[in-house]
file model.pdb (PDB, C-alpha atoms and all ligand atoms)
ATOM      1  CA  MET A   1     -40.593  27.878   6.878
ATOM      2  CA  MET A   2     -39.783  25.536   9.764
ATOM      3  CA  ASP A   3     -36.276  24.035   9.832
ATOM      4  CA  ALA A   4     -37.567  20.484   9.720
ATOM      5  CA  ASP A   5     -39.666  21.393   6.702
ATOM      6  CA  LEU A   6     -36.751  23.123   4.987
ATOM      7  CA  ALA A   7     -34.481  20.137   5.693
ATOM      8  CA  GLU A   8     -37.109  17.770   4.303
ATOM      9  CA  ARG A   9     -37.386  19.772   1.093
ATOM     10  CA  VAL A  10     -33.597  19.955   0.732
ATOM     11  CA  ARG A  11     -33.395  16.181   1.070
ATOM     12  CA  GLY A  12     -36.155  15.832  -1.488
ATOM     13  CA  GLY A  13     -34.081  17.713  -4.068
ATOM     14  CA  ASP A  14     -36.058  20.983  -4.056
ATOM     15  CA  ARG A  15     -33.649  23.504  -5.629
ATOM     16  CA  ARG A  16     -35.280  26.589  -4.120
ATOM     17  CA  ALA A  17     -35.128  25.074  -0.653
ATOM     18  CA  LEU A  18     -31.488  24.219  -1.329
ATOM     19  CA  ALA A  19     -30.677  27.829  -2.196
ATOM     20  CA  ARG A  20     -32.399  28.982   0.973
ATOM     21  CA  ALA A  21     -30.644  26.428   3.136
ATOM     22  CA  LEU A  22     -27.281  27.553   1.753
ATOM     23  CA  SER A  23     -28.137  31.142   2.665
ATOM     24  CA  VAL A  24     -29.023  30.034   6.187
ATOM     25  CA  VAL A  25     -25.671  28.330   6.793
ATOM     26  CA  GLU A  26     -23.709  30.991   4.933
ATOM     27  CA  ASN A  27     -25.041  33.881   6.972
ATOM     28  CA  ASP A  28     -24.721  31.992  10.235
ATOM     29  CA  ALA A  29     -28.346  32.746  10.908
ATOM     30  CA  ALA A  30     -30.022  31.471  14.027
ATOM     31  CA  GLY A  31     -31.355  28.496  12.067
ATOM     32  CA  ARG A  32     -27.919  27.209  11.017
ATOM     33  CA  GLU A  33     -27.377  24.778  13.854
ATOM     34  CA  ALA A  34     -30.924  23.416  13.763
ATOM     35  CA  LEU A  35     -30.830  23.009  10.005
ATOM     36  CA  LEU A  36     -27.487  21.197  10.013
ATOM     37  CA  ARG A  37     -28.764  18.933  12.778
ATOM     38  CA  ALA A  38     -31.885  18.120  10.785
ATOM     39  CA  LEU A  39     -29.728  17.252   7.761
ATOM     40  CA  ALA A  40     -26.970  15.374   9.624
ATOM     41  CA  ALA A  41     -28.334  11.871   9.040
ATOM     42  CA  SER A  42     -28.263  12.454   5.265
ATOM     43  CA  VAL A  43     -24.676  13.700   5.163
ATOM     44  CA  GLY A  44     -21.725  11.520   4.133
ATOM     45  CA  ARG A  45     -22.547  10.111   0.726
ATOM     46  CA  ALA A  46     -20.976  12.786  -1.485
ATOM     47  CA  HIS A  47     -17.353  12.756  -2.557
ATOM     48  CA  ARG A  48     -15.985  16.198  -1.722
ATOM     49  CA  VAL A  49     -13.315  17.393  -4.068
ATOM     50  CA  GLY A  50     -11.435  20.609  -3.369
ATOM     51  CA  VAL A  51      -9.897  22.305  -6.397
ATOM     52  CA  THR A  52      -7.227  24.786  -5.521
ATOM     53  CA  GLY A  53      -4.329  26.628  -7.150
ATOM     54  CA  PRO A  54      -3.310  30.049  -8.386
ATOM     55  CA  PRO A  55      -5.634  32.338 -10.353
ATOM     56  CA  GLY A  56      -5.583  31.695 -14.077
ATOM     57  CA  ALA A  57      -4.417  28.087 -13.853
ATOM     58  CA  GLY A  58      -7.727  26.910 -15.273
ATOM     59  CA  LYS A  59      -9.553  25.690 -12.157
ATOM     60  CA  SER A  60     -12.992  26.945 -13.198
ATOM     61  CA  THR A  61     -12.603  25.578 -16.711
ATOM     62  CA  LEU A  62     -11.508  22.236 -15.286
ATOM     63  CA  VAL A  63     -14.365  22.174 -12.760
ATOM     64  CA  ALA A  64     -16.835  22.821 -15.605
ATOM     65  CA  ALA A  65     -15.239  20.045 -17.696
ATOM     66  CA  LEU A  66     -15.313  17.634 -14.743
ATOM     67  CA  ALA A  67     -18.963  18.485 -14.142
ATOM     68  CA  THR A  68     -19.658  17.596 -17.777
ATOM     69  CA  ALA A  69     -17.783  14.291 -17.403
ATOM     70  CA  TRP A  70     -19.702  13.360 -14.266
ATOM     71  CA  ARG A  71     -23.035  14.386 -15.777
ATOM     72  CA  LYS A  72     -22.333  12.008 -18.670
ATOM     73  CA  ALA A  73     -21.810   9.297 -16.089
ATOM     74  CA  GLY A  74     -25.205  10.136 -14.590
ATOM     75  CA  ARG A  75     -23.908  11.783 -11.433
ATOM     76  CA  GLN A  76     -25.201  14.964  -9.831
ATOM     77  CA  VAL A  77     -22.652  17.700  -9.224
ATOM     78  CA  GLY A  78     -22.699  20.594  -6.752
ATOM     79  CA  VAL A  79     -20.130  23.353  -7.230
ATOM     80  CA  LEU A  80     -19.035  25.869  -4.610
ATOM     81  CA  ALA A  81     -16.892  28.802  -5.715
ATOM     82  CA  VAL A  82     -15.057  30.278  -2.757
ATOM     83  CA  ASP A  83     -13.000  33.429  -2.767
ATOM     84  CA  PRO A  84     -11.572  33.973   0.706
ATOM     85  CA  SER A  85      -9.919  37.215  -0.344
ATOM     86  CA  SER A  86     -13.158  38.984  -1.139
ATOM     87  CA  PRO A  87     -16.120  38.555   1.188
ATOM     88  CA  PHE A  88     -18.547  39.830  -1.390
ATOM     89  CA  THR A  89     -19.217  38.257  -4.747
ATOM     90  CA  GLY A  90     -16.886  39.901  -7.231
ATOM     91  CA  GLY A  91     -15.852  39.891 -10.858
ATOM     92  CA  ALA A  92     -13.840  36.692 -10.713
ATOM     93  CA  LEU A  93     -16.933  34.726  -9.823
ATOM     94  CA  LEU A  94     -18.895  36.376 -12.572
ATOM     95  CA  GLY A  95     -16.334  34.956 -15.013
ATOM     96  CA  ASP A  96     -16.769  31.565 -13.395
ATOM     97  CA  ARG A  97     -20.501  31.759 -13.915
ATOM     98  CA  ILE A  98     -19.960  32.320 -17.613
ATOM     99  CA  ARG A  99     -17.574  29.364 -17.806
ATOM    100  CA  MET A 100     -20.174  27.231 -16.026
ATOM    101  CA  GLY A 101     -22.878  28.593 -18.334
ATOM    102  CA  MET A 102     -22.946  25.390 -20.366
ATOM    103  CA  HIS A 103     -24.635  23.758 -17.392
ATOM    104  CA  ALA A 104     -27.428  26.320 -17.203
ATOM    105  CA  GLY A 105     -30.812  24.643 -17.111
ATOM    106  CA  ASP A 106     -29.393  21.304 -15.992
ATOM    107  CA  GLU A 107     -30.944  20.310 -12.667
ATOM    108  CA  GLY A 108     -28.077  17.887 -12.095
ATOM    109  CA  VAL A 109     -25.596  20.731 -11.671
ATOM    110  CA  PHE A 110     -25.930  23.322  -8.936
ATOM    111  CA  ILE A 111     -23.492  26.220  -8.702
ATOM    112  CA  ARG A 112     -23.137  28.573  -5.809
ATOM    113  CA  SER A 113     -20.576  31.221  -4.945
ATOM    114  CA  LEU A 114     -19.835  31.477  -1.285
ATOM    115  CA  ALA A 115     -19.472  34.644   0.724
ATOM    116  CA  THR A 116     -17.722  34.567   4.072
ATOM    117  CA  ARG A 117     -19.782  37.054   6.060
ATOM    118  CA  GLY A 118     -20.301  36.089   9.653
ATOM    119  CA  ALA A 119     -19.455  32.434   9.331
ATOM    120  CA  ALA A 120     -18.236  31.007  12.630
ATOM    121  CA  GLY A 121     -14.762  29.576  12.118
ATOM    122  CA  GLY A 122     -14.211  31.501   8.908
ATOM    123  CA  ILE A 123     -14.394  30.471   5.311
ATOM    124  CA  SER A 124     -13.412  26.839   5.806
ATOM    125  CA  ALA A 125     -16.315  26.299   8.217
ATOM    126  CA  ALA A 126     -18.698  28.048   5.820
ATOM    127  CA  ALA A 127     -17.476  25.881   2.941
ATOM    128  CA  GLU A 128     -17.861  22.750   5.008
ATOM    129  CA  ASP A 129     -21.399  23.635   6.111
ATOM    130  CA  ALA A 130     -22.379  24.397   2.520
ATOM    131  CA  ALA A 131     -20.857  21.084   1.393
ATOM    132  CA  ASP A 132     -22.926  19.301   4.051
ATOM    133  CA  VAL A 133     -26.094  20.868   2.650
ATOM    134  CA  LEU A 134     -25.246  19.841  -0.930
ATOM    135  CA  ASP A 135     -24.316  16.377   0.297
ATOM    136  CA  ALA A 136     -27.663  16.001   2.074
ATOM    137  CA  ALA A 137     -29.429  17.273  -1.048
ATOM    138  CA  GLY A 138     -28.165  14.193  -2.867
ATOM    139  CA  PHE A 139     -25.279  15.522  -4.948
ATOM    140  CA  ASP A 140     -22.803  12.746  -5.651
ATOM    141  CA  LEU A 141     -19.952  15.197  -6.044
ATOM    142  CA  VAL A 142     -19.317  18.464  -4.274
ATOM    143  CA  LEU A 143     -16.581  20.424  -6.042
ATOM    144  CA  THR A 144     -15.185  23.384  -4.148
ATOM    145  CA  GLU A 145     -13.038  25.838  -6.098
ATOM    146  CA  THR A 146     -10.871  28.256  -4.175
ATOM    147  CA  VAL A 147      -8.963  31.169  -5.623
ATOM    148  CA  GLY A 148      -5.341  31.726  -4.695
ATOM    149  CA  VAL A 149      -2.571  30.031  -2.740
ATOM    150  CA  GLY A 150      -2.774  31.463   0.772
ATOM    151  CA  GLN A 151      -3.534  30.056   4.191
ATOM    152  CA  ALA A 152      -7.299  30.425   3.767
ATOM    153  CA  GLU A 153      -7.221  28.358   0.567
ATOM    154  CA  LEU A 154      -5.195  25.719   2.343
ATOM    155  CA  GLU A 155      -7.853  25.545   5.042
ATOM    156  CA  VAL A 156     -10.605  25.175   2.484
ATOM    157  CA  ALA A 157      -8.560  22.474   0.741
ATOM    158  CA  GLU A 158      -8.376  20.600   4.024
ATOM    159  CA  VAL A 159     -12.134  20.240   4.356
ATOM    160  CA  ALA A 160     -12.293  18.136   1.180
ATOM    161  CA  ASP A 161     -12.073  14.348   0.897
ATOM    162  CA  THR A 162      -9.732  14.827  -2.022
ATOM    163  CA  THR A 163      -7.673  17.887  -2.852
ATOM    164  CA  VAL A 164      -6.730  18.649  -6.439
ATOM    165  CA  LEU A 165      -3.995  21.207  -7.006
ATOM    166  CA  VAL A 166      -4.159  22.834 -10.444
ATOM    167  CA  LEU A 167      -1.082  24.562 -11.844
ATOM    168  CA  ALA A 168      -0.235  26.137 -15.178
ATOM    169  CA  PRO A 169       3.055  25.181 -16.832
ATOM    170  CA  GLY A 170       6.066  27.444 -16.715
ATOM    171  CA  SER A 171       4.407  30.024 -14.522
ATOM    172  CA  GLY A 172       6.570  29.537 -11.457
ATOM    173  CA  ASP A 173       3.293  28.643  -9.742
ATOM    174  CA  GLU A 174       4.697  25.330  -8.605
ATOM    175  CA  VAL A 175       7.386  27.098  -6.589
ATOM    176  CA  GLN A 176       4.800  29.325  -4.950
ATOM    177  CA  ALA A 177       2.503  26.385  -4.295
ATOM    178  CA  MET A 178       5.355  24.550  -2.607
ATOM    179  CA  LYS A 179       6.117  27.532  -0.396
ATOM    180  CA  ALA A 180       2.484  27.905   0.588
ATOM    181  CA  GLY A 181       2.321  24.223   1.550
ATOM    182  CA  LEU A 182      -0.293  23.546  -1.100
ATOM    183  CA  LEU A 183       1.745  20.776  -2.666
ATOM    184  CA  GLU A 184       1.801  19.063   0.725
ATOM    185  CA  ALA A 185      -1.988  19.119   0.881
ATOM    186  CA  ALA A 186      -2.502  17.848  -2.673
ATOM    187  CA  ASP A 187      -3.842  14.336  -3.296
ATOM    188  CA  VAL A 188      -3.778  14.857  -7.040
ATOM    189  CA  VAL A 189      -1.721  17.397  -8.969
ATOM    190  CA  VAL A 190      -2.926  18.628 -12.342
ATOM    191  CA  VAL A 191      -0.757  20.481 -14.819
ATOM    192  CA  ASN A 192      -3.459  22.191 -16.855
ATOM    193  CA  GLN A 193      -2.921  24.064 -20.126
ATOM    194  CA  GLY A 194      -1.231  20.958 -21.441
ATOM    195  CA  ASP A 195      -1.337  22.530 -24.893
ATOM    196  CA  ARG A 196       1.522  24.796 -23.845
ATOM    197  CA  PRO A 197       4.989  23.578 -24.852
ATOM    198  CA  ASP A 198       6.449  23.525 -21.330
ATOM    199  CA  ALA A 199       3.673  21.363 -19.844
ATOM    200  CA  GLU A 200       5.649  18.133 -19.976
ATOM    201  CA  ALA A 201       8.753  19.721 -18.399
ATOM    202  CA  THR A 202       6.586  21.111 -15.596
ATOM    203  CA  ARG A 203       5.057  17.698 -14.986
ATOM    204  CA  ARG A 204       8.515  16.107 -14.726
ATOM    205  CA  ALA A 205       9.776  18.850 -12.391
ATOM    206  CA  LEU A 206       6.765  18.358 -10.142
ATOM    207  CA  GLU A 207       7.168  14.581 -10.101
ATOM    208  CA  ASN A 208      10.816  14.973  -9.137
ATOM    209  CA  ALA A 209       9.976  17.398  -6.339
ATOM    210  CA  LEU A 210       7.209  15.118  -5.056
ATOM    211  CA  ALA A 211       9.444  12.028  -5.145
ATOM    212  CA  LEU A 212      11.785  13.639  -2.617
ATOM    213  CA  ARG A 213       9.209  13.445   0.137
ATOM    214  CA  ASP A 214       8.917  10.470   2.439
ATOM    215  CA  ARG A 215       5.226   9.835   1.933
ATOM    216  CA  GLU A 216       3.592   8.419  -1.175
ATOM    217  CA  ALA A 217       3.678  10.927  -4.010
ATOM    218  CA  PRO A 218       0.351  12.076  -5.439
ATOM    219  CA  PRO A 219      -0.203  11.394  -9.149
ATOM    220  CA  VAL A 220       0.541  14.236 -11.570
ATOM    221  CA  LEU A 221      -1.816  14.508 -14.551
ATOM    222  CA  VAL A 222      -1.713  16.769 -17.570
ATOM    223  CA  THR A 223      -5.008  18.209 -18.853
ATOM    224  CA  ILE A 224      -6.244  20.645 -21.444
ATOM    225  CA  ALA A 225      -9.400  21.805 -19.710
ATOM    226  CA  THR A 226     -10.592  23.949 -22.606
ATOM    227  CA  ARG A 227     -10.746  20.859 -24.868
ATOM    228  CA  GLY A 228     -11.570  18.318 -22.209
ATOM    229  CA  ASP A 229      -8.315  16.413 -22.835
ATOM    230  CA  GLY A 230      -7.270  14.303 -19.855
ATOM    231  CA  VAL A 231     -10.454  15.169 -17.981
ATOM    232  CA  GLU A 232     -11.912  11.665 -18.241
ATOM    233  CA  ALA A 233      -8.694  10.205 -16.785
ATOM    234  CA  LEU A 234      -8.880  12.714 -13.941
ATOM    235  CA  ARG A 235     -12.515  11.833 -13.277
ATOM    236  CA  GLU A 236     -11.670   8.121 -13.135
ATOM    237  CA  LEU A 237      -8.815   8.776 -10.746
ATOM    238  CA  LEU A 238     -11.090  10.831  -8.507
ATOM    239  CA  ASP A 239     -13.830   8.179  -8.583
ATOM    240  CA  GLU A 240     -11.291   5.569  -7.488
ATOM    241  CA  ARG A 241     -10.644   7.593  -4.365
ATOM    242  CA  ALA A 242     -14.310   7.330  -3.400
ATOM    243  CA  ALA A 243     -14.646   3.664  -4.389
ATOM    244  CA  PRO A 244     -15.291   0.910  -1.789
ATOM    245  CA  ALA A 245     -11.608  -0.113  -1.876
ATOM    246  CA  ALA A 246     -10.631   3.347  -0.656
ATOM    247  CA  ARG A 247     -13.291   3.525   2.039
ATOM    248  CA  ALA A 248     -10.956   3.085   5.003
ATOM    249  CA  ALA A 249      -8.720   5.976   3.922
ATOM    250  CA  LEU A 250     -11.740   8.156   3.303
ATOM    251  CA  ALA A 251     -13.209   7.312   6.705
ATOM    252  CA  ALA A 252      -9.929   8.177   8.428
ATOM    253  CA  ARG A 253      -9.850  11.492   6.660
ATOM    254  CA  ARG A 254     -13.431  12.279   7.609
ATOM    255  CA  LEU A 255     -12.732  11.415  11.213
ATOM    256  CA  GLY A 256      -9.844  13.882  11.241
ATOM    257  CA  ARG A 257     -12.100  16.494   9.722
ATOM    258  CA  ALA A 258     -14.876  15.879  12.236
ATOM    259  CA  ARG A 259     -12.346  16.141  15.034
ATOM    260  CA  ARG A 260     -11.087  19.490  13.784
ATOM    261  CA  ARG A 261     -14.619  20.723  13.418
ATOM    262  CA  VAL A 262     -15.724  19.712  16.920
ATOM    263  CA  ARG A 263     -12.606  21.378  18.303
ATOM    264  CA  LEU A 264     -13.354  24.568  16.458
ATOM    265  CA  GLU A 265     -16.911  24.676  17.775
ATOM    266  CA  ALA A 266     -15.784  23.763  21.302
ATOM    267  CA  ASP A 267     -13.171  26.525  21.243
ATOM    268  CA  ARG A 268     -15.847  28.977  20.233
ATOM    269  CA  LEU A 269     -18.252  27.867  22.972
ATOM    270  CA  ARG A 270     -15.495  27.969  25.554
ATOM    271  CA  ALA A 271     -14.429  31.458  24.496
ATOM    272  CA  GLU A 272     -18.023  32.720  24.654
ATOM    273  CA  ALA A 273     -18.520  31.300  28.147
ATOM    274  CA  PHE A 274     -15.171  32.653  29.301
ATOM    275  CA  TRP A 275     -15.779  36.209  28.134
ATOM    276  CA  SER A 276     -19.325  36.362  29.429
ATOM    277  CA  ARG A 277     -17.901  35.492  32.863
ATOM    278  CA  HIS A 278     -14.768  37.628  32.831
ATOM    279  CA  GLY A 279     -15.777  40.769  30.968
ATOM    280  CA  THR A 280     -15.315  42.987  34.023
ATOM    281  CA  LEU A 281     -11.855  41.648  34.673
ATOM    282  CA  LEU A 282     -11.011  42.268  31.021
ATOM    283  CA  ASP A 283     -12.145  45.888  31.286
ATOM    284  CA  ARG A 284     -10.012  46.467  34.367
ATOM    285  CA  LEU A 285      -6.873  44.911  32.844
ATOM    286  CA  ALA A 286      -7.431  46.678  29.516
ATOM    287  CA  GLY A 287      -7.424  49.941  31.435
ATOM    288  CA  GLU A 288      -4.030  49.086  32.894
ATOM    289  CA  VAL A 289      -2.636  48.240  29.460
ATOM    290  CA  ALA A 290      -4.004  51.485  27.997
ATOM    291  CA  ALA A 291      -2.449  53.449  30.877
ATOM    292  CA  GLY A 292       0.910  51.843  30.157
ATOM    293  CA  ARG A 293       1.140  50.028  33.499
ATOM    294  CA  THR A 294       1.444  46.586  31.944
ATOM    295  CA  THR A 295       1.721  44.885  28.554
ATOM    296  CA  ALA A 296      -1.114  43.133  26.753
ATOM    297  CA  ALA A 297       0.661  39.800  27.169
ATOM    298  CA  GLY A 298       1.223  40.457  30.864
ATOM    299  CA  ALA A 299      -2.424  41.385  31.335
ATOM    300  CA  ALA A 300      -3.562  38.272  29.456
ATOM    301  CA  ALA A 301      -1.432  36.023  31.668
ATOM    302  CA  ARG A 302      -2.894  37.638  34.797
ATOM    303  CA  LEU A 303      -6.414  37.387  33.408
ATOM    304  CA  VAL A 304      -6.104  33.666  32.752
ATOM    305  CA  GLN A 305      -4.551  33.121  36.170
ATOM    306  CA  GLU A 306      -7.187  35.102  38.075
ATOM    307  CA  ALA A 307     -10.012  33.565  36.058
ATOM    308  CA  GLY A 308      -8.762  30.109  36.955
ATOM    309  CA  ARG A 309      -9.092  30.747  40.679
TER     310      ARG A 309
HETATM  311  N1  LIG A 401      -4.514  27.283 -23.504
HETATM  312  C1  LIG A 401      -5.285  26.900 -22.502
HETATM  313  N2  LIG A 401      -6.012  27.799 -21.828
HETATM  314  C2  LIG A 401      -6.786  27.374 -20.812
HETATM  315  C3  LIG A 401      -6.863  26.023 -20.431
HETATM  316  N3  LIG A 401      -7.699  25.912 -19.372
HETATM  317  C4  LIG A 401      -8.153  27.144 -19.116
HETATM  318  N4  LIG A 401      -7.610  28.040 -19.977
HETATM  319  C5  LIG A 401      -7.841  29.494 -20.032
HETATM  320  O1  LIG A 401      -7.167  30.090 -18.942
HETATM  321  C6  LIG A 401      -7.912  31.206 -18.467
HETATM  322  C7  LIG A 401      -8.175  31.058 -16.978
HETATM  323  O2  LIG A 401      -9.045  29.973 -16.776
HETATM  324  P1  LIG A 401      -9.926  29.836 -15.461
HETATM  325  O3  LIG A 401     -10.638  28.537 -15.568
HETATM  326  O4  LIG A 401     -10.754  31.030 -15.225
HETATM  327  O5  LIG A 401      -8.796  29.776 -14.348
HETATM  328  P2  LIG A 401      -8.947  29.884 -12.755
HETATM  329  O6  LIG A 401      -8.651  31.290 -12.374
HETATM  330  O7  LIG A 401      -7.895  28.962 -12.225
HETATM  331  O8  LIG A 401     -10.329  29.468 -12.392
HETATM  332  C8  LIG A 401      -9.171  31.262 -19.284
HETATM  333  O9  LIG A 401      -9.011  32.197 -20.315
HETATM  334  C9  LIG A 401      -9.290  29.856 -19.839
HETATM  335  O10 LIG A 401      -9.987  29.803 -21.066
HETATM  336  C10 LIG A 401      -6.081  25.070 -21.173
HETATM  337  O11 LIG A 401      -6.070  23.875 -20.912
HETATM  338  N5  LIG A 401      -5.318  25.575 -22.186
HETATM  339 MG    MG A 402     -11.823  30.387 -11.215
END
call {"tool": "encode", "arguments": {"input": "model.pdb", "output": "C-alpha cells"}}
result
Amino acid sequence: MMDADLAERVRGGDRRALARALSVVENDAAGREALLRALAASVGRAHRVGVTGPPGAGKSTLVAALATAWRKAGRQVGVLAVDPSSPFTGGALLGDRIRMGMHAGDEGVFIRSLATRGAAGGISAAAEDAADVLDAAGFDLVLTETVGVGQAELEVAEVADTTVLVLAPGSGDEVQAMKAGLLEAADVVVVNQGDRPDAEATRRALENALALRDREAPPVLVTIATRGDGVEALRELLDERAAPAARAALAARRLGRARRRVRLEADRLRAEAFWSRHGTLLDRLAGEVAAGRTTAAGAAARLVQEAGR
C-alpha cells in the first residue's frame, strides 16, 4: 500500500488502515516519516490527555470510565496504553484490555498498546507519533495511559495537552509522585478509589502541598472509577481545557511541544551526520581510551575539537 493511500484511508476512518499506520510509526519503519507528513495537515483537532500515576491507582479503570462518558457525549476516543518499562506487550496490558472490554465492538473507541522498539527519541516520541495518527483519524480524544512514576512516564506525560495524575488514597503514592516531579507536571490531580475512608484526607493533603507552589494549583478531584462516580465532573473539567476559551493556552503548549520535537529530530540528524563523518577519528581515539592512554571524557573533548577544525 502506498503511503498516500494509507494516509487517505486513515483519514477516512478505516480501522484496519489505522492499525497498520500505528505499526508503521511504532516500528520506525522507512514509511514513518512519509506517513506522518501525509497526515500532518489533519493533525491538531484532538484533545490529548495523558493519564499517569503509580500502578494500581486505577488509571485503566478511569480511562475506561472516561471513554464511556465521552462516548455518551458522542465523541470518538482513542486510547494508547504505554508501558515504558517493558518493551514488549506484557501481562499488565492484558489486564487493561479486559478492563476496556466493555468497549469491544464499538467503532468509536480504539485501543492500542504501544511497544517501544526502535522508536527514534524513545517512548515519548513513539507515543506522540501514535497520537498524531489517532488525531488524524478523527478521534476527538486521545487518552494515553502510562504505567509508573519514573522519568519515562514524565516524558510521556509531557507530550499531552493535558496531564492527569491519578493517585490512590493513603498509599504514600503522593509522596513518591512529588519526588518524581509528577505533581509538577499535573494539570489535574485525581484521587481515585474515593470509596476508601482516607480519600478525603489525601485530597486535603494534596491541596495543601499544591498551594505551597508559586504557580496556579491544579484542581484535585475525587473519583470512584469502578462506579463512575466523579467521572462526569472530570470529563467536564477536561473538556473545558480544550474549549475555545482555553485555546491560547493550548496553542502555547503545542508550540512548546513542537519545539521539543523539532529539537529532538535535529539532534538525531546532527548526530548521524557527525558520526558518518568522524567514524575514523572515533576509532582512533577509542583505541587510545582502551589502551589506557586517555580517558573517555578526554577523548571526547579532543574529538569535538578536531572535528570542528
Ligand atoms: N475500591 C476501588 N477500587 C478501584 C477503583 N478504581 C479501580 N479500582 C481497582 O483497583 C485495581 C487497579 O485498577 P487499574 O485500573 O488496573 O489501575 P492502574 O494500574 O492504575 O491502571 C483494580 O482491581 C480496580 O478494579 C475505585 O475507585 N475504588
Ligand atoms: Mg493500567
call {"tool": "closest_residue", "arguments": {"input": "model.pdb", "among": "A:Gly279, A:Pro244, A:Pro55, A:Gly78", "to": "Arg112 of chain A", "atoms": "only C-alpha atoms"}}
result
A:Gly78
call {"tool": "residues_near_point", "arguments": {"input": "model.pdb", "point": "(-25.6, 18.7, -9.9)", "cutoff": "12 Å", "atoms": "only C-alpha atoms", "output": "MDAnalysis selection string"}}
result
chainID A and resid 13 15 18 46 64 66:80 100 103:112 134:135 137:143
call {"tool": "resolve_selection", "arguments": {"input": "model.pdb", "expression": "the PyMOL selection byres (((chain A and resi 230) around 12) and not hetatm)", "output": "number ranges by chain"}}
result
A: 62, 65-66, 69, 190-195, 220-229, 231-237
call {"tool": "resolve_selection", "arguments": {"input": "model.pdb", "expression": "the PyMOL selection byres (((chain A and resi 286) around 12) and not hetatm)", "output": "PDB file with C-alpha atoms, keeping the file's coordinate frame"}}
result
ATOM      1  CA  GLY A 279     -15.777  40.769  30.968  1.00  0.00           C
ATOM      2  CA  THR A 280     -15.315  42.987  34.023  1.00  0.00           C
ATOM      3  CA  LEU A 281     -11.855  41.648  34.673  1.00  0.00           C
ATOM      4  CA  LEU A 282     -11.011  42.268  31.021  1.00  0.00           C
ATOM      5  CA  ASP A 283     -12.145  45.888  31.286  1.00  0.00           C
ATOM      6  CA  ARG A 284     -10.012  46.467  34.367  1.00  0.00           C
ATOM      7  CA  LEU A 285      -6.873  44.911  32.844  1.00  0.00           C
ATOM      8  CA  GLY A 287      -7.424  49.941  31.435  1.00  0.00           C
ATOM      9  CA  GLU A 288      -4.030  49.086  32.894  1.00  0.00           C
ATOM     10  CA  VAL A 289      -2.636  48.240  29.460  1.00  0.00           C
ATOM     11  CA  ALA A 290      -4.004  51.485  27.997  1.00  0.00           C
ATOM     12  CA  ALA A 291      -2.449  53.449  30.877  1.00  0.00           C
ATOM     13  CA  GLY A 292       0.910  51.843  30.157  1.00  0.00           C
ATOM     14  CA  ARG A 293       1.140  50.028  33.499  1.00  0.00           C
ATOM     15  CA  THR A 294       1.444  46.586  31.944  1.00  0.00           C
ATOM     16  CA  THR A 295       1.721  44.885  28.554  1.00  0.00           C
ATOM     17  CA  ALA A 296      -1.114  43.133  26.753  1.00  0.00           C
ATOM     18  CA  ALA A 297       0.661  39.800  27.169  1.00  0.00           C
ATOM     19  CA  GLY A 298       1.223  40.457  30.864  1.00  0.00           C
ATOM     20  CA  ALA A 299      -2.424  41.385  31.335  1.00  0.00           C
ATOM     21  CA  ALA A 300      -3.562  38.272  29.456  1.00  0.00           C
ATOM     22  CA  ARG A 302      -2.894  37.638  34.797  1.00  0.00           C
ATOM     23  CA  LEU A 303      -6.414  37.387  33.408  1.00  0.00           C
TER      24      LEU A 303
END
call {"tool": "closest_residue", "arguments": {"input": "model.pdb", "among": "A:Ala57, A:Ala17, A:Ser23, A:Arg37", "to": "ligand MG 402 (chain A)", "atoms": "all atoms listed in the file"}}
result
A:Ala57
call {"tool": "atom_distance", "arguments": {"input": "model.pdb", "atom1": "atom CA of Arg257 of chain A", "atom2": "atom CA of Val82 of chain A"}}
result
18.8 Å
call {"tool": "residues_near_point", "arguments": {"input": "model.pdb", "point": "(-11.7, 32.9, 38.5)", "cutoff": "10 Å", "atoms": "all atoms listed in the file", "output": "list in words"}}
result
Phe274, Arg277, His278, Leu281, Leu303, Val304, Gln305, Glu306, Ala307, Gly308 and Arg309 of chain A
call {"tool": "residues_around", "arguments": {"input": "model.pdb", "residues": "Val43 of chain A", "least_positions_apart": "5", "cutoff": "8 Å", "atoms": "all atoms listed in the file", "output": "PyMOL selection string"}}
result
chain A and resi 132-133+135-136
call {"tool": "write_last_selection", "arguments": {"input": "model.pdb", "atoms": "C-alpha atoms", "output": "PDB file, in the coordinates of the input"}}
result
ATOM      1  CA  ASP A 132     -22.926  19.301   4.051  1.00  0.00           C
ATOM      2  CA  VAL A 133     -26.094  20.868   2.650  1.00  0.00           C
ATOM      3  CA  ASP A 135     -24.316  16.377   0.297  1.00  0.00           C
ATOM      4  CA  ALA A 136     -27.663  16.001   2.074  1.00  0.00           C
TER       5      ALA A 136
END
call {"tool": "closest_residue", "arguments": {"input": "model.pdb", "among": "A:Arg11, A:Lys59, A:Arg45, A:Arg241", "to": "ligand MG 402 (chain A)", "atoms": "only C-alpha atoms and all ligand atoms"}}
result
A:Lys59
call {"tool": "closest_residue", "arguments": {"input": "model.pdb", "among": "A:Ala131, A:Val159, A:Ala126, A:Leu165", "to": "ligand LIG 401 (chain A)", "atoms": "only C-alpha atoms and all ligand atoms"}}
result
A:Leu165
call {"tool": "residues_around", "arguments": {"input": "model.pdb", "residues": "segment 171-181 of chain A", "least_positions_apart": "5", "cutoff": "12 Å", "atoms": "only C-alpha atoms", "output": "count of residues only"}}
result
36
call {"tool": "closest_residue", "arguments": {"input": "model.pdb", "among": "A:Glu272, A:Thr61, A:Ala301, A:His47", "to": "Arg254 of chain A", "atoms": "only C-alpha atoms"}}
result
A:His47
call {"tool": "atom_distance", "arguments": {"input": "model.pdb", "atom1": "atom CA of Ala211 of chain A", "atom2": "atom CA of Ala243 of chain A"}}
result
25.5 Å
call {"tool": "atom_distance", "arguments": {"input": "model.pdb", "atom1": "atom CA of Ala168 of chain A", "atom2": "atom CA of Ala185 of chain A"}}
result
17.6 Å
call {"tool": "residues_around", "arguments": {"input": "model.pdb", "residues": "segment 160-164 of chain A", "least_positions_apart": "4", "cutoff": "6 Å", "atoms": "only C-alpha atoms", "output": "list in words"}}
result
Arg48, Val49, Gly50, Val51, Ala186, Asp187, Val188 and Val189 of chain A
call {"tool": "write_last_selection", "arguments": {"input": "model.pdb", "atoms": "C-alpha atoms", "output": "compact mmCIF listing (two decimals), keeping the file's coordinate frame"}}
result
# COMPACT_ATOMS: atom_id res chain seq x y z
CA ARG A 48 -15.98 16.20 -1.72
CA VAL A 49 -13.32 17.39 -4.07
CA GLY A 50 -11.44 20.61 -3.37
CA VAL A 51 -9.90 22.30 -6.40
CA ALA A 186 -2.50 17.85 -2.67
CA ASP A 187 -3.84 14.34 -3.30
CA VAL A 188 -3.78 14.86 -7.04
CA VAL A 189 -1.72 17.40 -8.97
